[in-house]
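Report on the structure given below.
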2 protein chains.
Amino acid sequence: MKNSGISIIDPWGSTSVESYERLFEEFGIQSIGGLVEKLPNVPFFIRRGLIFGHRDFDKIVEAINKKQSFAVMSGIKPTGPLHVGAVLTLREIILFQKLGATAFYCIADIEAYEDNGIPLEESEKTALDNLVDALTLGLDPSRAYIYRQSKENDVKDLAFIFARSVTLSTMEAIYGARHIGLYMSALVQAGDILLPQLKRFGGPKPTVVPVGVDQDPHIRLCRDLANKFKEKMGFIPPSATYHVLIRGLDGSSKMSKRNPMSYFTLTEAVESVEHKLKNAFTGGRPTAKEQRVLGGEPEKCPIFDLYKFFFVEDDAKLMDIYWRCKKGEILCGEDKAFAVEAASSFIKEHQHRRKLFIDKARDLLGLS
Amino acid sequence: MKNSGISIIDPWGSTSVESYERLFEEFGIQSIGGLVEKLPNVPFFIRRGLIFGHRDFDKIVEAINKKQSFAVMSGIKPTGPLHVGAVLTLREIILFQKLGATAFYCIADIEAYEDNGIPLEESEKTALDNLVDALTLGLDPSRAYIYRQSKENDVKDLAFIFARSVTLSTMEAIYGARHIGLYMSALVQAGDILLPQLKRFGGPKPTVVPVGVDQDPHIRLCRDLANKFKEKMGFIPPSATYHVLIRGLDGSSKMSKRNPMSYFTLTEAVESVEHKLKNAFTGGRPTAKEQRVLGGEPEKCPIFDLYKFFFVEDDAKLMDIYWRCKKGEILCGEDKAFAVEAASSFIKEHQHRRKLFIDKARDLLGLS
């Protein structure tokens with residue numbers, strides 16, 4: 001793990017990124033610049049800067065524009081219900097599917113075991129639950145290869161193939177001194193990312209991995225491995241897009257399963273979501289009086305993040321909220337009532353629609 | 001790797017064991033004592049002290065005497081033709097088969113890749129070749145489960161399960177700082193050793209692993225893992241027997257694929273075997289005159305090792321050679337002619353009989 005004292009990037013820990021710009025210098029992530037705007041039908045959350053950086057995304061833009069075959073690869077670690085931050089990655093996958101990609105969606109049950117100690121037998125139920133959410137959100141299974149790591153021999157075999165080329169010091173530099181299972185899990189993940197390029201899926205192709213920036217170490221490791229095995233297996237180093245980390249509702253730097261008050265899940269009771277939102281950290285001032293004078297700070301506010309990336313699709317409406325907050329015209333209490341309303345209706349609708357996808361999800365995971 | 005300056009035990013390096021007794025103190029290997037003599041029909045190479053140490057072999061003796069189910073587990077790393085030293089392990093497997101064990105014989109093609117860089121596609125041919133030798137030497141396939149690591153998902157999955165419980169420092173202590181593939185390979189080997197105890201093979205049972213003492217680190221790691229997963233998976237820690245390391249023909253401490261003059265293979269041209277034997281290091285004196293006066297030193301002689309463990313089954317005949325050498329009655333030249341004769345006839349007979357087992361071996365490996 002590279003730690004300059006400023007940016008700490010560790011996919012298994014908590015990440016604090018004080019300045020995304022620094023990532024460009026320190027880790028060689030490129031600014032997304034105008035790249036996403038070249039895409040057709042860019043959805044609101046992309047327009048609003050969800051994706052701030054990339055590696056080799058040019059290849060994907062080219063494939064989209066030339067209507068060439070490409071893949072989008074991502075997945076979920078089945079350690080619990082899907083949280084609202086994870087919806088972002090799914091929306092990105094769905095976006096790339098609509099732009100022509102075949103999606104590879106991995107249930108990272110090996111990682112859930114190695115990192116979190118959840119036995120495969122237990123994560124199976126969670127995997128089903130997560131997949132129902134993904135399908136409900138719009139993942140199109142007819143254009144996707146959906147699998148559990150533990151059942152996918154090719155990714156495990158790729159891990160064994162790659163392992164010979166990875167020194168201990170590389171692993172320690174990237175991940176620190178961890179148990180062997182975590183290193184194996186990182187190699188399995190490299191297998192996941194390169195799976196779409198195997199002959200059985202049509203061979204080498206550009207592949208984009210939409211991730212939070214905390215996942216960059218995996219991307220770098222995988223790109224190194226793709227280069228090392230380029231001659232033998234024909235891999236094209238995978239591309240990546242990096243989205244901002246959505247702040248925790250409790251004011252923490254990232255929504256994290258480790259802090260239950262930092263996020264809510266898609267299957268959570270509406271009352272619980274309301275409770276978390278009402279107790280959320282905001283960009284408000286210490287007193288109502290101060291806030292009326294100074295205005296709020298929406299750019300520091302996790303509730304505003306929810307509007308920006310999830311609930312308020314209409315740009316004019318978002319700007320209205322922004323300015324009314326800045327001018328001190330609305331206080332946090334009033335605003336939270338609106339947030340609760342928006343979140344509740346989203347969650348209720350989602351939970352209602354989930355029923356439609358349970359059989360399909362069960363089917364896709366080979367459960368009966 | 002524990003290195004006291006006296007005994008170095010490293011399965012992937014060269015091992016020099018100056019005193020087997022020290023192993024009992026340093027590593028907790030138990031002296032075989034009278035344990036093997038309790039077994040029925042002990043063959044000559046066992047009677048002559050091939051096996052000097054063990055861990056938990058009492059369990060196996062008990063299973064044999066009570067006619068309970070038990071397994072013998074071993075294998076071969078398919079990096080080249082089977083060398084004469086490897087025959088010893090096979091003879092031990094065959095012995096335990098005759099004593100009632102089901103044999104688990106593993107073609108360690110993952111290890112051949114991780115340790116020696118031999119791709120699976122390439123080791124397949126060698127695996128076939130090695131298996132033909134094993135069957136020719138008497139391995140009974142009707143009482144054996146024979147498999148390649150790369151094709152056996154259960155051993156790979158066991159490696160993933162075990163990995164979470166193995167710290168980096170454990171691996172470094174046992175194997176030194178190696179690439180990740182080697183650590184994964186060690187965990188796969190633990191999977192091999194515990195495979196016989198899975199439900200699909202009838203569940204937990206005593207299992208003996210006959211090894212050269214250089215393989216003890218694997219045994220210790222595997223016994224630790226068996227204990228860690230005892231509650232969850234019911235494992236009985238595997239037993240092991242340790243055989244002496246046969247000296248290299250060139251005077252090196254161990255027959256090793258790294259020194260072609262230190263060994264011969266079962267499929268080698270007879271002329272080449274003759275050449276190696278004629279140039280072998282012996283327990284002879286610098287001059288013929290000295291040897292006639294002082295006598296030879298058969299206990300230092302790799303040629304005498306061949307007689308003791310391979311070619312001279314008759315005890316009276318072996319003692320005759322020993323004493324004639326000690327008394328200076330035979331010189332090394334004369335003796336080597338006898339060795340060449342014995343080795344040639346063994347090799348010729350073996351190579352002739354190999355033809356009978358090629359189809360069966362192909363069949364067992366699923367090759368056509």
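In the structure tokens, chains take the letters A, B, ... in the order shown, each chain's residues start at 1, and ligands count up from 1 in the order shown.
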
Test item: residues at most 9 Å from Pro238 (chain B), only C-alpha atoms, excluding those fewer than 6 positions along its chain, as a compact mmCIF listing (two decimals) with N, CA and C atoms, in the first residue's frame:
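The resulting file, result17.txt, is shown below:
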```txt
# COMPACT_ATOMS: atom_id res chain seq x y z
N ARG B 55 5.66 -39.35 12.03
CA ARG B 55 4.74 -38.59 12.89
C ARG B 55 3.44 -39.39 12.91
N ASP B 56 2.95 -39.69 14.10
CA ASP B 56 1.63 -40.35 14.26
C ASP B 56 1.46 -41.63 13.48
N PHE B 57 2.55 -42.35 13.24
CA PHE B 57 2.41 -43.58 12.45
C PHE B 57 1.67 -44.66 13.26
N ILE B 193 -3.22 -33.73 0.56
CA ILE B 193 -3.02 -34.64 1.69
C ILE B 193 -4.32 -34.87 2.46
N LEU B 194 -5.19 -33.86 2.48
CA LEU B 194 -6.45 -34.01 3.22
C LEU B 194 -7.62 -34.45 2.35
N LYS B 205 -10.28 -40.17 7.97
CA LYS B 205 -9.61 -41.46 8.15
C LYS B 205 -8.12 -41.21 8.35
N PRO B 206 -7.43 -42.13 9.04
CA PRO B 206 -5.98 -42.00 9.13
C PRO B 206 -5.38 -42.04 7.73
N THR B 207 -4.41 -41.19 7.51
CA THR B 207 -3.76 -41.11 6.20
C THR B 207 -2.26 -41.03 6.43
N VAL B 208 -1.53 -41.88 5.74
CA VAL B 208 -0.07 -41.82 5.88
C VAL B 208 0.54 -41.24 4.60
N VAL B 209 1.50 -40.35 4.80
CA VAL B 209 2.19 -39.74 3.68
C VAL B 209 3.66 -40.15 3.78
N ILE B 219 4.38 -31.38 5.53
CA ILE B 219 3.64 -32.21 6.49
C ILE B 219 3.24 -31.37 7.71
N CYS B 222 0.50 -28.98 6.86
CA CYS B 222 -0.75 -29.69 6.64
C CYS B 222 -1.36 -30.18 7.97
N ARG B 223 -0.51 -30.64 8.87
CA ARG B 223 -1.01 -31.08 10.17
C ARG B 223 -1.58 -29.89 10.97
N ALA B 226 -4.93 -29.22 9.41
CA ALA B 226 -5.89 -30.26 9.80
C ALA B 226 -6.42 -29.97 11.21
```

> What's the 9 Å shell around Ser150 (chain A), counting only C-alpha atoms, without same-chain residues fewer than 5 positions away, as a ChimeraX atom specification?
Replying inline: /A:107-110,120,155-156 /B:157

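CA of Arg285 (chain A) is found 25.0 Å from CA of Ser272 (chain A).
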
I'd like the superposed copy of chain A - fitted to chain B by least squares over all paired Cα atoms - as a CSV table (one decimal) with C-alpha atoms, in the first residue's frame.
```csv
chain,number,residue,atom,x,y,z
A,1,MET,CA,12.7,-22.5,6.8
A,2,LYS,CA,14.3,-23.3,10.1
A,3,ASN,CA,18.1,-23.3,9.8
A,4,SER,CA,20.1,-24.1,12.8
A,5,GLY,CA,23.2,-24.4,10.7
A,6,ILE,CA,23.1,-28.1,11.0
A,7,SER,CA,19.9,-29.4,9.4
A,8,ILE,CA,18.3,-27.5,6.6
A,9,ILE,CA,14.9,-28.7,5.5
A,10,ASP,CA,13.5,-27.2,2.3
A,11,PRO,CA,11.5,-29.3,0.0
A,12,TRP,CA,12.3,-27.0,-2.9
A,13,GLY,CA,16.0,-26.7,-2.4
A,14,SER,CA,18.7,-29.1,-1.7
A,15,THR,CA,18.7,-30.7,1.7
A,16,SER,CA,21.7,-31.8,3.7
A,17,VAL,CA,20.9,-33.9,6.7
A,18,GLU,CA,24.1,-34.6,8.6
A,19,SER,CA,22.5,-36.5,11.3
A,20,TYR,CA,19.0,-37.9,11.2
A,21,GLU,CA,18.9,-38.1,15.0
A,22,ARG,CA,19.0,-34.3,15.1
A,23,LEU,CA,15.7,-34.2,13.3
A,24,PHE,CA,14.1,-35.9,16.2
A,25,GLU,CA,15.1,-33.1,18.5
A,26,GLU,CA,14.9,-30.1,16.2
A,27,PHE,CA,11.6,-30.9,14.3
A,28,GLY,CA,9.8,-33.3,16.6
A,29,ILE,CA,10.0,-36.2,14.1
A,30,GLN,CA,9.7,-39.4,16.1
A,31,SER,CA,12.1,-42.3,15.7
A,32,ILE,CA,10.5,-45.2,13.8
A,33,GLY,CA,11.8,-47.5,16.5
A,34,GLY,CA,10.2,-51.0,16.3
A,35,LEU,CA,7.0,-49.7,14.6
A,36,VAL,CA,7.5,-51.0,11.1
A,37,GLU,CA,8.6,-54.4,12.4
A,38,LYS,CA,5.0,-54.9,13.8
A,39,LEU,CA,3.7,-54.8,10.2
A,40,PRO,CA,3.2,-58.1,8.3
A,41,ASN,CA,5.4,-59.0,5.3
A,42,VAL,CA,7.9,-56.2,5.7
A,43,PRO,CA,9.9,-55.9,2.5
A,44,PHE,CA,13.7,-55.8,2.5
A,45,PHE,CA,14.1,-52.1,1.9
A,46,ILE,CA,12.0,-51.3,5.0
A,47,ARG,CA,13.8,-53.9,7.1
A,48,ARG,CA,17.1,-52.2,6.1
A,49,GLY,CA,16.1,-48.9,7.6
A,50,LEU,CA,14.7,-47.0,4.7
A,51,ILE,CA,12.1,-45.4,7.0
A,52,PHE,CA,13.9,-43.9,10.0
A,53,GLY,CA,11.2,-41.5,11.4
A,54,HIS,CA,7.5,-40.8,11.6
A,55,ARG,CA,4.8,-38.6,12.9
A,56,ASP,CA,1.6,-40.4,14.3
A,57,PHE,CA,2.4,-43.6,12.5
A,58,ASP,CA,0.9,-45.4,15.4
A,59,LYS,CA,-2.5,-44.5,14.1
A,60,ILE,CA,-1.7,-46.3,10.8
A,61,VAL,CA,-0.3,-49.4,12.5
A,62,GLU,CA,-3.5,-49.6,14.5
A,63,ALA,CA,-5.7,-49.2,11.4
A,64,ILE,CA,-3.7,-52.0,9.7
A,65,ASN,CA,-4.0,-54.3,12.6
A,66,LYS,CA,-7.7,-53.6,13.2
A,67,LYS,CA,-8.3,-53.7,9.5
A,68,GLN,CA,-9.8,-50.3,9.5
A,69,SER,CA,-10.1,-47.9,6.6
A,70,PHE,CA,-7.0,-45.8,6.0
A,71,ALA,CA,-5.3,-44.0,3.1
A,72,VAL,CA,-1.8,-43.6,1.8
A,73,MET,CA,-1.2,-40.3,0.0
A,74,SER,CA,1.7,-39.4,-2.3
A,75,GLY,CA,2.4,-38.2,-5.7
A,76,ILE,CA,4.9,-37.1,-8.3
A,77,LYS,CA,5.8,-33.7,-9.6
A,78,PRO,CA,5.8,-34.2,-13.4
A,79,THR,CA,9.0,-32.3,-14.3
A,80,GLY,CA,10.7,-35.1,-16.1
A,81,PRO,CA,11.2,-38.9,-16.1
A,82,LEU,CA,10.8,-40.8,-12.8
A,83,HIS,CA,14.2,-41.1,-11.2
A,84,VAL,CA,15.3,-44.2,-9.4
A,85,GLY,CA,15.1,-42.4,-6.0
A,86,ALA,CA,11.4,-41.8,-6.6
A,87,VAL,CA,10.9,-45.5,-6.9
A,88,LEU,CA,11.3,-45.7,-3.1
A,89,THR,CA,8.2,-43.6,-2.5
A,90,LEU,CA,6.2,-45.7,-4.9
A,91,ARG,CA,7.3,-48.9,-3.3
A,92,GLU,CA,6.1,-47.5,0.0
A,93,ILE,CA,2.7,-46.6,-1.5
A,94,ILE,CA,2.4,-50.1,-3.0
A,95,LEU,CA,3.4,-51.6,0.4
A,96,PHE,CA,0.6,-49.6,2.2
A,97,GLN,CA,-1.9,-50.6,-0.6
A,98,LYS,CA,-1.0,-54.3,0.1
A,99,LEU,CA,-1.6,-53.6,3.8
A,100,GLY,CA,-5.1,-52.3,3.1
A,101,ALA,CA,-4.8,-48.7,2.2
A,102,THR,CA,-6.6,-46.8,-0.5
A,103,ALA,CA,-3.8,-45.0,-2.4
A,104,PHE,CA,-4.3,-41.3,-3.4
A,105,TYR,CA,-1.7,-40.6,-6.1
A,106,CYS,CA,-1.4,-37.0,-7.1
A,107,ILE,CA,0.2,-35.7,-10.3
A,108,ALA,CA,1.5,-32.4,-8.9
A,109,ASP,CA,1.2,-30.4,-12.1
A,110,ILE,CA,0.3,-27.1,-10.3
A,111,GLU,CA,3.5,-27.5,-8.3
A,112,ALA,CA,5.4,-28.3,-11.5
A,113,TYR,CA,4.1,-25.0,-12.8
A,114,GLU,CA,4.6,-22.8,-9.7
A,115,ASP,CA,8.0,-24.2,-8.8
A,116,ASN,CA,9.5,-25.1,-12.1
A,117,GLY,CA,7.5,-23.0,-14.6
A,118,ILE,CA,6.3,-26.0,-16.6
A,119,PRO,CA,2.9,-25.1,-18.2
A,120,LEU,CA,0.1,-27.6,-17.6
A,121,GLU,CA,-0.1,-28.4,-21.3
A,122,GLU,CA,3.5,-29.5,-21.2
A,123,SER,CA,3.4,-31.5,-18.0
A,124,GLU,CA,0.6,-33.6,-19.3
A,125,LYS,CA,2.9,-35.8,-21.3
A,126,THR,CA,5.3,-36.2,-18.5
A,127,ALA,CA,2.4,-37.0,-16.1
A,128,LEU,CA,1.5,-39.9,-18.4
A,129,ASP,CA,5.0,-41.0,-18.6
A,130,ASN,CA,5.4,-41.0,-14.8
A,131,LEU,CA,2.1,-42.8,-14.3
A,132,VAL,CA,3.2,-45.6,-16.7
A,133,ASP,CA,6.2,-46.0,-14.5
A,134,ALA,CA,4.1,-46.1,-11.3
A,135,LEU,CA,1.8,-48.7,-12.7
A,136,THR,CA,4.7,-50.8,-14.0
A,137,LEU,CA,6.3,-50.7,-10.6
A,138,GLY,CA,3.1,-52.2,-9.1
A,139,LEU,CA,0.7,-49.3,-8.2
A,140,ASP,CA,-2.7,-51.0,-8.2
A,141,PRO,CA,-5.1,-48.6,-9.9
A,142,SER,CA,-8.1,-50.6,-8.6
A,143,ARG,CA,-7.3,-49.5,-5.1
A,144,ALA,CA,-6.1,-46.0,-6.0
A,145,TYR,CA,-7.5,-42.5,-6.7
A,146,ILE,CA,-5.1,-41.0,-9.3
A,147,TYR,CA,-5.5,-37.4,-10.4
A,148,ARG,CA,-3.9,-34.3,-11.6
A,149,GLN,CA,-4.0,-31.3,-9.2
A,150,SER,CA,-5.1,-29.0,-12.0
A,151,LYS,CA,-8.1,-31.1,-12.7
A,152,GLU,CA,-9.1,-31.7,-9.1
A,153,ASN,CA,-11.3,-28.8,-8.0
A,154,ASP,CA,-11.6,-30.1,-4.4
A,155,VAL,CA,-7.9,-29.7,-3.8
A,156,LYS,CA,-7.9,-26.3,-5.2
A,157,ASP,CA,-10.9,-25.3,-3.1
A,158,LEU,CA,-9.2,-26.7,0.0
A,159,ALA,CA,-6.3,-24.4,-0.8
A,160,PHE,CA,-8.6,-21.5,-0.8
A,161,ILE,CA,-10.3,-22.6,2.4
A,162,PHE,CA,-6.9,-23.1,4.2
A,163,ALA,CA,-5.4,-19.9,2.9
A,164,ARG,CA,-7.4,-17.7,5.2
A,165,SER,CA,-5.7,-19.4,8.2
A,166,VAL,CA,-2.1,-19.1,7.0
A,167,THR,CA,-0.2,-15.9,7.8
A,168,LEU,CA,2.5,-14.5,5.7
A,169,SER,CA,5.0,-15.0,8.5
A,170,THR,CA,4.1,-18.7,8.8
A,171,MET,CA,4.8,-19.1,5.1
A,172,GLU,CA,8.0,-17.1,5.3
A,173,ALA,CA,9.1,-19.1,8.3
A,174,ILE,CA,8.6,-22.4,6.5
A,175,TYR,CA,9.5,-21.6,3.0
A,176,GLY,CA,11.4,-18.3,3.0
A,177,ALA,CA,10.3,-15.3,0.9
A,178,ARG,CA,9.1,-16.9,-2.3
A,179,HIS,CA,6.6,-15.9,-5.0
A,180,ILE,CA,2.9,-16.2,-4.2
A,181,GLY,CA,2.5,-19.2,-6.5
A,182,LEU,CA,4.8,-21.3,-4.4
A,183,TYR,CA,2.7,-20.5,-1.3
A,184,MET,CA,-0.4,-21.4,-3.2
A,185,SER,CA,1.2,-24.6,-4.3
A,186,ALA,CA,2.0,-25.5,-0.7
A,187,LEU,CA,-1.6,-25.0,0.2
A,188,VAL,CA,-2.7,-27.1,-2.8
A,189,GLN,CA,-0.5,-29.8,-1.4
A,190,ALA,CA,-2.2,-29.6,1.9
A,191,GLY,CA,-5.4,-30.0,0.0
A,192,ASP,CA,-3.9,-33.2,-1.6
A,193,ILE,CA,-3.0,-34.6,1.7
A,194,LEU,CA,-6.4,-34.0,3.2
A,195,LEU,CA,-8.4,-34.9,0.1
A,196,PRO,CA,-8.8,-38.6,1.2
A,197,GLN,CA,-10.7,-37.4,4.3
A,198,LEU,CA,-13.5,-35.5,2.4
A,199,LYS,CA,-17.0,-36.9,2.5
A,200,ARG,CA,-16.8,-38.1,-1.1
A,201,PHE,CA,-14.1,-40.5,-0.2
A,202,GLY,CA,-15.8,-41.7,3.0
A,203,GLY,CA,-14.9,-39.0,5.4
A,204,PRO,CA,-12.1,-38.6,8.0
A,205,LYS,CA,-9.6,-41.5,8.2
A,206,PRO,CA,-6.0,-42.0,9.1
A,207,THR,CA,-3.8,-41.1,6.2
A,208,VAL,CA,-0.1,-41.8,5.9
A,209,VAL,CA,2.2,-39.8,3.7
A,210,PRO,CA,5.5,-41.5,2.9
A,211,VAL,CA,8.1,-38.8,2.2
A,212,GLY,CA,11.7,-37.9,2.1
A,213,VAL,CA,12.5,-35.8,5.2
A,214,ASP,CA,12.9,-32.8,3.0
A,215,GLN,CA,9.2,-32.8,2.6
A,216,ASP,CA,8.5,-32.4,6.3
A,217,PRO,CA,7.7,-28.7,6.1
A,218,HIS,CA,4.6,-29.6,4.0
A,219,ILE,CA,3.7,-32.2,6.5
A,220,ARG,CA,3.9,-29.8,9.4
A,221,LEU,CA,1.9,-27.1,7.6
A,222,CYS,CA,-0.7,-29.7,6.7
A,223,ARG,CA,-1.0,-31.1,10.2
A,224,ASP,CA,-1.4,-27.5,11.5
A,225,LEU,CA,-4.2,-26.9,9.0
A,226,ALA,CA,-5.9,-30.2,9.8
A,227,ASN,CA,-6.0,-29.2,13.4
A,228,LYS,CA,-7.3,-25.7,12.6
A,229,PHE,CA,-10.1,-27.2,10.5
A,230,LYS,CA,-10.7,-30.2,12.7
A,231,GLU,CA,-13.9,-28.9,14.2
A,232,LYS,CA,-15.4,-27.8,10.9
A,233,MET,CA,-14.3,-30.6,8.7
A,234,GLY,CA,-13.4,-33.4,11.0
A,235,PHE,CA,-9.9,-34.0,9.8
A,236,ILE,CA,-7.5,-36.4,11.5
A,237,PRO,CA,-4.0,-34.9,11.3
A,238,PRO,CA,-2.2,-36.9,8.7
A,239,SER,CA,0.6,-39.3,9.7
A,240,ALA,CA,3.9,-39.4,7.9
A,241,THR,CA,6.8,-41.7,7.5
A,242,TYR,CA,10.3,-40.3,6.6
A,243,HIS,CA,12.7,-42.2,4.5
A,244,VAL,CA,16.4,-41.5,4.2
A,245,LEU,CA,17.5,-39.4,1.3
A,246,ILE,CA,19.4,-41.6,-1.2
A,247,ARG,CA,22.8,-40.2,-2.0
A,248,GLY,CA,23.5,-38.9,-5.5
A,249,LEU,CA,25.6,-41.2,-7.7
A,250,ASP,CA,28.0,-38.2,-8.1
A,251,GLY,CA,28.6,-38.1,-4.3
A,252,SER,CA,26.1,-35.3,-3.7
A,253,SER,CA,23.9,-35.6,-0.7
A,254,LYS,CA,20.7,-36.3,-2.5
A,255,MET,CA,19.6,-37.6,-5.9
A,256,SER,CA,18.4,-34.4,-7.6
A,257,LYS,CA,17.0,-33.5,-11.0
A,258,ARG,CA,19.3,-30.5,-10.8
A,259,ASN,CA,22.3,-32.8,-11.1
A,260,PRO,CA,21.9,-35.3,-14.0
A,261,MET,CA,24.9,-37.3,-13.0
A,262,SER,CA,23.4,-37.9,-9.5
A,263,TYR,CA,20.6,-40.2,-10.6
A,264,PHE,CA,19.3,-42.2,-13.5
A,265,THR,CA,15.7,-42.5,-14.7
A,266,LEU,CA,13.6,-45.5,-15.3
A,267,THR,CA,13.2,-44.6,-19.0
A,268,GLU,CA,16.9,-43.7,-19.6
A,269,ALA,CA,19.0,-45.4,-22.2
A,270,VAL,CA,20.9,-48.4,-20.7
A,271,GLU,CA,24.1,-47.0,-22.1
A,272,SER,CA,23.6,-43.7,-20.2
A,273,VAL,CA,22.9,-45.5,-17.0
A,274,GLU,CA,26.1,-47.5,-17.5
A,275,HIS,CA,28.0,-44.3,-18.0
A,276,LYS,CA,26.7,-42.7,-14.8
A,277,LEU,CA,27.4,-45.8,-12.7
A,278,LYS,CA,30.9,-46.2,-14.1
A,279,ASN,CA,31.6,-42.6,-13.2
A,280,ALA,CA,29.9,-42.7,-9.9
A,281,PHE,CA,31.4,-41.6,-6.6
A,282,THR,CA,32.0,-44.6,-4.3
A,283,GLY,CA,33.3,-45.5,-0.9
A,284,GLY,CA,36.6,-46.5,-2.4
A,285,ARG,CA,40.1,-45.4,-1.5
A,286,PRO,CA,42.3,-43.1,-3.6
A,287,THR,CA,44.4,-46.0,-4.8
A,288,ALA,CA,43.8,-49.7,-5.4
A,289,LYS,CA,46.7,-50.5,-3.1
A,290,GLU,CA,45.3,-48.5,-0.3
A,291,GLN,CA,41.9,-50.1,-0.8
A,292,ARG,CA,43.4,-53.6,-0.6
A,293,VAL,CA,44.9,-52.7,2.7
A,294,LEU,CA,42.2,-50.5,4.3
A,295,GLY,CA,39.1,-51.9,2.6
A,296,GLY,CA,36.3,-49.8,1.1
A,297,GLU,CA,33.6,-47.8,3.0
A,298,PRO,CA,30.3,-49.1,1.8
A,299,GLU,CA,28.4,-47.0,4.3
A,300,LYS,CA,29.6,-43.9,2.3
A,301,CYS,CA,28.9,-45.4,-1.1
A,302,PRO,CA,25.9,-44.5,-3.3
A,303,ILE,CA,26.5,-47.7,-5.3
A,304,PHE,CA,26.0,-49.7,-2.0
A,305,ASP,CA,22.8,-47.7,-1.4
A,306,LEU,CA,21.5,-49.0,-4.7
A,307,TYR,CA,22.2,-52.6,-3.6
A,308,LYS,CA,20.7,-52.0,-0.2
A,309,PHE,CA,17.5,-50.4,-1.2
A,310,PHE,CA,17.0,-51.5,-4.8
A,311,PHE,CA,18.9,-54.4,-6.4
A,312,VAL,CA,20.0,-56.9,-3.8
A,313,GLU,CA,17.0,-58.3,-2.0
A,314,ASP,CA,18.9,-61.3,-0.5
A,315,ASP,CA,20.3,-60.3,2.9
A,316,ALA,CA,23.1,-62.9,2.8
A,317,LYS,CA,24.3,-61.6,-0.6
A,318,LEU,CA,24.2,-58.0,0.6
A,319,MET,CA,26.3,-58.8,3.6
A,320,ASP,CA,28.7,-60.7,1.4
A,321,ILE,CA,29.2,-57.6,-0.8
A,322,TYR,CA,29.5,-55.5,2.3
A,323,TRP,CA,32.2,-57.5,4.0
A,324,ARG,CA,34.2,-58.2,0.8
A,325,CYS,CA,34.3,-54.5,0.2
A,326,LYS,CA,35.3,-53.8,3.9
A,327,LYS,CA,38.0,-56.3,3.7
A,328,GLY,CA,39.4,-54.9,0.4
A,329,GLU,CA,38.6,-58.1,-1.5
A,330,ILE,CA,36.7,-56.3,-4.2
A,331,LEU,CA,37.7,-53.0,-5.8
A,332,CYS,CA,35.2,-50.5,-7.1
A,333,GLY,CA,35.8,-51.3,-10.8
A,334,GLU,CA,34.8,-54.9,-10.3
A,335,ASP,CA,31.9,-53.9,-8.1
A,336,LYS,CA,30.6,-51.3,-10.6
A,337,ALA,CA,30.5,-54.0,-13.3
A,338,PHE,CA,28.1,-55.9,-11.0
A,339,ALA,CA,26.1,-52.7,-10.4
A,340,VAL,CA,25.8,-52.0,-14.1
A,341,GLU,CA,24.6,-55.5,-14.6
A,342,ALA,CA,22.0,-55.2,-11.9
A,343,ALA,CA,20.8,-51.8,-13.0
A,344,SER,CA,20.7,-52.7,-16.7
A,345,SER,CA,18.6,-55.8,-16.1
A,346,PHE,CA,16.2,-53.9,-13.9
A,347,ILE,CA,15.9,-51.1,-16.4
A,348,LYS,CA,15.5,-53.3,-19.4
A,349,GLU,CA,12.9,-55.4,-17.7
A,350,HIS,CA,11.1,-52.3,-16.6
A,351,GLN,CA,11.2,-50.6,-20.0
A,352,HIS,CA,9.9,-53.8,-21.6
A,353,ARG,CA,7.0,-54.1,-19.2
A,354,ARG,CA,6.0,-50.4,-19.5
A,355,LYS,CA,4.3,-51.1,-22.8
A,356,LEU,CA,1.6,-53.1,-20.9
A,357,PHE,CA,0.5,-50.1,-18.9
A,358,ILE,CA,0.4,-47.2,-21.4
A,359,ASP,CA,-3.3,-47.6,-22.3
A,360,LYS,CA,-4.3,-47.9,-18.7
A,361,ALA,CA,-2.4,-44.8,-17.7
A,362,ARG,CA,-3.8,-42.8,-20.6
A,363,ASP,CA,-7.2,-43.9,-19.4
A,364,LEU,CA,-6.7,-43.0,-15.8
A,365,LEU,CA,-5.6,-39.5,-16.8
A,366,GLY,CA,-8.5,-39.0,-19.1
A,367,LEU,CA,-6.3,-38.7,-22.2
A,368,SER,CA,-7.2,-40.3,-25.4
```

> Where does DSSP see strand (DSSP E or B) in region 71-270 of chain B, if you list the residues as an MDAnalysis selection string?
Replying inline: chainID B and resid 71:76 83 102:107 144:148 207:212 239:243 265

> Looking only at the backbone, which of the residues in region 16-217 of chain A does DSSP tag as alpha helix (DSSP H), as a ChimeraX atom specification?
Replying inline: /A:20-27,44-47,57-65,86-98,109-116,120-137,153-163,168-175,180-194,216-217
